[in-house]
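> Can you keep this structure in mind? I'll have questions shortly.
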Amino acid sequence: MKRRVLLAGAGAGGATLAGLLALGRKSHRGASSLRGRFRVPGTPVAVGRRYLADNPAERDAAALRRAVEPEAGWTALASRMAADLDAGRTARVAGWVMSISEARLYALLALEADD
Amino acid sequence: MIVDGRELPVGEALSADVCVVGGGPVGITLARALAGAGVSVCLLESGGLAPDRETEDLNRGEARGDASRLGDDYLTDSRVRQLGGASALWAGQMRPLDFEDFEPAPHVPGSGWPFRREALDPFYARLGTSLGLQPFDDGTPEGDPGPIVFRRGHRTVVAKGFQYNPLRFGAVFRDDLAADPRIKVVLHATASGIEPAPSGAAVRRIGIGVLGKPSGLVATAGHYVLAAGAIENARLLLASSAGRGGLGNGRDLVGRNFMEHPHVHAGIGMAVLWTERLARLYLPGGATLFFASPAWKRSRRMVGVALNLVDAPAPRDDLDRQVALAAHDTDAGSGGGARESFRSVNVQAEQAPNPASRVTLTGRRDALGMPRVRLEWRLGAMDLDSIDRFVRVFSVELPRAGAGRLKPTVERDRLSEVIGWGWHHMGTTRMDADPARGVVDADVRVHGIENLFVAGSSVFPTSGVANPTFTAMALALRLADHIGSLTRRTP
């Protein structure tokens, strides 16, 4: 019985939100500061470059910033990503499925890194 | 005892209470259970104790269908003629069929077994004990689908455990069979024709072919059981009384509804810690697969689909690894132990019964004069749509649950190019209480023939997702009980 409860709890998306909320407690402002969240800062940039290569129309930092709102911090971003996945708003980057907000965050980090 | 058919005198008549055709896991399970109930058995095995080229040649035929990669070698690669049969090839992956597999599904034509899962449970339990398996956690027939992994509306994914016991039946039970006074195993003895009584309502005897010499051997028994695999069971029925379209084939059902378990490498996965714990949680030494729930299948008109996430090396593509690393820091870090942990994402799926998917006979004959088979494995849109939908949904639900990422590598319109199979042959002598819908009845007796039974996965009306041999052996135990009761009633 314990196992069923454990799995059902994990299956409710709790792991994602709990983790992101934990990250959100450490407030960061702006996309560049978000880059510091990643253990290997180059990784989101590389992923973002691929997204932009596949979606050149989105190569607009201002528009991406409005879409992602990085200054709202990780908590808001986490909610946005979860809502994307709930609604099926996904992107495929190098074939991997992720929320559209996550892909755009990487794209924004790539644009700022290349600026 | 075990004898060699090549050394028996020409024209010898073998006799026993029951004649079983086929010495694979099902035939051996059946023979041992019958002998345990005091019933004498003559077990005919086409091969010897090890495979040999001449006998394996009897398996050759033509195979084609909707899977682009399917070729004639399917018929020889997936079968072996030797004592122990296909257990010489298998990984021993076992689990029961699920409760819903036995129920009619309105969106799956031809679905529904003539009895519920509970009728087979005592035999699953007996079999599991004898094979050293632990009980399976399968939920309940009232609607508990088992341990839930994800749930969003009808989109529920359930964890189901598989256990392994790759017994080589020939090697393991050879001595028991040789020592059992009630069992006579005849090696190198290929059933080459079923001769009905003049009334057509019973079997009179089975003709036996021996490679390299005229044998004239026959087997006579009170009851006959075909346990030679789904392709060979159909072949033998179709080739017997051929002038009338085959034995038990008054409704043109023998050989139809051949089913496999479509297998697809569907992508790369990246799992976080709790997913890994889950995969190992079910049973030590077992495997956990992720199944679509009954409610999801009903609501989206799907057949059964399961994903197996198998440990895999990190992808060579650097960008794949970059995505994984970034994802770990974005969401998977919440798993409390994030690290690169890649999976090969493999699908094992059900296919809906399809009368056009079938075994027939060709005009060519083998060395014993038996017509060779032609297999046409046909898949339906529902089969492919179900795989596509499950993978797509899983690829969204995995990150949504903070459990990892998925990179699907196949698209719906290219599925038939990459579909593989499990060497699981099912459905050519389907079971149904109505002779218009089935070759055998609920007791796996051929409709209209009082003493001819069929054992094995050829009787499955639907296949479920689980590997078939565990259920085929459970059905063999059930049949042994039934024949045992008939034999006791016979004066």
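Labels for the structure tokens follow display order: chains A, B, ..., residues from 1 in each chain, ligands from 1.
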DSSP on the backbone, then: every residue of region 14-238 of chain B marked strand (DSSP E or B), written as a PyMOL selection string.
chain B and resi 14-21+41-44+48+61-65+82+93-94+148-152+155-164+183-187+190-196+203-210+213-226
> Applying 8 Å and only C-alpha atoms, which residues near Ile268 (chain B) remain after dropping the ones on its own chain fewer than 5 positions away? List them as a list of chain:residue names.
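My list of contacting residues is B:Phe342, B:Arg343, B:Ser344, B:Val345, B:Leu406, B:Lys407, B:Pro408, B:Thr409.
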> Determine the nearest neighbour of Ala83 (chain A) from the options A:Val47, A:Leu34, A:Leu108, A:Ser99, counting only C-alpha atoms.
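Using only C-alpha atoms, Ala83 (chain A) sits closest to A:Ser99.
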> Tell me which of B:Thr362, B:Ser40, B:Thr428, B:Ser395 sits closest to chain A, counting only C-alpha atoms.
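Checking each candidate against chain A, we get B:Ser395 as the closest.
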> Work out how far apart CA of Ser457 (chain B) and CA of Leu375 (chain B) are and give it in Å to one decimal.
16.2 Å
> Write out as a list in words all residues of region 198-287 of chain B that DSSP puts in alpha helix (DSSP H) for this structure's backbone.
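Those in region 198-287 of chain B that DSSP calls alpha helix (DSSP H) are Ala230, Ile231, Glu232, Asn233, Ala234, Arg235, Leu236, Leu237, Leu238, Ala239, Leu273, Trp274, Thr275, Glu276, Arg277, Leu278, Ala279, Arg280 and Leu281 of chain B.
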> Can you tell me how far CA of Gly132 (chain B) sits from CA of Phe460 (chain B), in Å to one decimal?
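It comes out at 24.8 Å.
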> What's around region 42-45 of chain A at 6 Å? Count only C-alpha atoms, leave out sequence neighbours fewer than 2 positions away in its own chain, and write the answer as a list in words.
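Result of the neighbour search: Val40, Val47, Gly48, Tyr106, Leu109 and Ala110 of chain A; Gln322 and Ala326 of chain B.
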> Which value, in Å to one decimal, gives the distance between CA of Ser199 (chain B) and CA of Gly245 (chain B)?
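Pair CA of Ser199 (chain B) / CA of Gly245 (chain B) returns 16.3 Å.
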> So which one's closest to chain A, B:Asp180, B:Asp311, B:Asp144, B:Asp413? Using only C-alpha atoms, please.
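Result for the nearest residue to chain A: B:Asp144.
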> Set the distance at 9 Å and use only C-alpha atoms: which residues neighbour Arg81 (chain B) once local chain neighbours fewer than 5 positions away are removed? I'd like the list as a PDB file with N, CA, C and O atoms, in the first residue's frame.

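Final output, out.pdb:
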ATOM      1  N   GLY B  22       4.048 -31.810 -29.639  1.00  0.00           N
ATOM      2  CA  GLY B  22       4.911 -30.670 -29.362  1.00  0.00           C
ATOM      3  C   GLY B  22       5.514 -30.727 -27.969  1.00  0.00           C
ATOM      4  O   GLY B  22       4.782 -30.774 -26.975  1.00  0.00           O
ATOM      5  N   GLY B  23       6.835 -30.740 -27.912  1.00  0.00           N
ATOM      6  CA  GLY B  23       7.537 -30.864 -26.634  1.00  0.00           C
ATOM      7  C   GLY B  23       8.191 -29.584 -26.183  1.00  0.00           C
ATOM      8  O   GLY B  23       9.316 -29.580 -25.691  1.00  0.00           O
ATOM      9  N   GLY B  24       7.480 -28.473 -26.344  1.00  0.00           N
ATOM     10  CA  GLY B  24       7.958 -27.191 -25.834  1.00  0.00           C
ATOM     11  C   GLY B  24       7.482 -26.974 -24.409  1.00  0.00           C
ATOM     12  O   GLY B  24       7.016 -27.917 -23.739  1.00  0.00           O
ATOM     13  N   GLU B  45       7.653 -35.168 -30.243  1.00  0.00           N
ATOM     14  CA  GLU B  45       8.524 -34.008 -30.458  1.00  0.00           C
ATOM     15  C   GLU B  45       9.207 -34.161 -31.826  1.00  0.00           C
ATOM     16  O   GLU B  45       9.838 -35.183 -32.087  1.00  0.00           O
ATOM     17  N   SER B  46       9.077 -33.127 -32.627  1.00  0.00           N
ATOM     18  CA  SER B  46       9.621 -33.188 -33.981  1.00  0.00           C
ATOM     19  C   SER B  46      11.146 -33.267 -33.985  1.00  0.00           C
ATOM     20  O   SER B  46      11.749 -33.913 -34.836  1.00  0.00           O
ATOM     21  N   GLY B  47      11.775 -32.597 -33.031  1.00  0.00           N
ATOM     22  CA  GLY B  47      13.233 -32.574 -32.998  1.00  0.00           C
ATOM     23  C   GLY B  47      13.805 -33.560 -32.003  1.00  0.00           C
ATOM     24  O   GLY B  47      13.097 -34.420 -31.466  1.00  0.00           O
ATOM     25  N   GLY B  48      15.108 -33.401 -31.781  1.00  0.00           N
ATOM     26  CA  GLY B  48      15.786 -34.263 -30.820  1.00  0.00           C
ATOM     27  C   GLY B  48      16.107 -33.500 -29.551  1.00  0.00           C
ATOM     28  O   GLY B  48      15.349 -32.615 -29.128  1.00  0.00           O
ATOM     29  N   ALA B  50      18.801 -31.707 -29.316  1.00  0.00           N
ATOM     30  CA  ALA B  50      19.471 -30.485 -29.777  1.00  0.00           C
ATOM     31  C   ALA B  50      18.989 -30.219 -31.199  1.00  0.00           C
ATOM     32  O   ALA B  50      18.528 -31.145 -31.877  1.00  0.00           O
ATOM     33  N   PRO B  51      19.060 -28.969 -31.632  1.00  0.00           N
ATOM     34  CA  PRO B  51      18.585 -28.682 -32.991  1.00  0.00           C
ATOM     35  C   PRO B  51      19.505 -29.303 -34.048  1.00  0.00           C
ATOM     36  O   PRO B  51      20.698 -29.463 -33.816  1.00  0.00           O
ATOM     37  N   ASP B  52      18.917 -29.675 -35.164  1.00  0.00           N
ATOM     38  CA  ASP B  52      19.721 -30.140 -36.296  1.00  0.00           C
ATOM     39  C   ASP B  52      19.145 -29.540 -37.582  1.00  0.00           C
ATOM     40  O   ASP B  52      17.953 -29.217 -37.653  1.00  0.00           O
ATOM     41  N   THR B  55      15.950 -31.097 -39.467  1.00  0.00           N
ATOM     42  CA  THR B  55      14.666 -30.900 -38.786  1.00  0.00           C
ATOM     43  C   THR B  55      14.257 -29.429 -38.829  1.00  0.00           C
ATOM     44  O   THR B  55      13.080 -29.114 -39.048  1.00  0.00           O
ATOM     45  N   GLU B  56      15.212 -28.530 -38.635  1.00  0.00           N
ATOM     46  CA  GLU B  56      14.877 -27.107 -38.662  1.00  0.00           C
ATOM     47  C   GLU B  56      14.355 -26.687 -40.032  1.00  0.00           C
ATOM     48  O   GLU B  56      13.580 -25.741 -40.157  1.00  0.00           O
ATOM     49  N   LEU B  58      12.178 -28.031 -41.657  1.00  0.00           N
ATOM     50  CA  LEU B  58      10.718 -28.180 -41.677  1.00  0.00           C
ATOM     51  C   LEU B  58      10.024 -26.863 -41.318  1.00  0.00           C
ATOM     52  O   LEU B  58       8.836 -26.685 -41.594  1.00  0.00           O
ATOM     53  N   ASN B  59      10.743 -25.941 -40.690  1.00  0.00           N
ATOM     54  CA  ASN B  59      10.159 -24.648 -40.293  1.00  0.00           C
ATOM     55  C   ASN B  59      10.132 -23.633 -41.431  1.00  0.00           C
ATOM     56  O   ASN B  59       9.511 -22.581 -41.297  1.00  0.00           O
ATOM     57  N   ALA B  86      10.710 -23.636 -27.874  1.00  0.00           N
ATOM     58  CA  ALA B  86      11.166 -22.244 -27.900  1.00  0.00           C
ATOM     59  C   ALA B  86      11.795 -21.800 -26.589  1.00  0.00           C
ATOM     60  O   ALA B  86      12.374 -20.710 -26.526  1.00  0.00           O
TER      61      ALA B  86
END
> Pick the closest to chain A from B:Asp121, B:Asp383, B:Glu260, B:Glu397: which is it, counting only C-alpha atoms?
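Result for the nearest residue to chain A: B:Glu397.
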> Can you tell me which residues surround Glu350 (chain B) at a distance of at most 9 Å, considering only C-alpha atoms, apart from same-chain residues fewer than 6 positions away, and format the answer as a list in words?
Met259, Glu260, His261, Pro262, Val303, Gly304, Val305, Ala306, Asp383, Thr462, Ser463, Gly464, Val465 and Ala466 of chain B
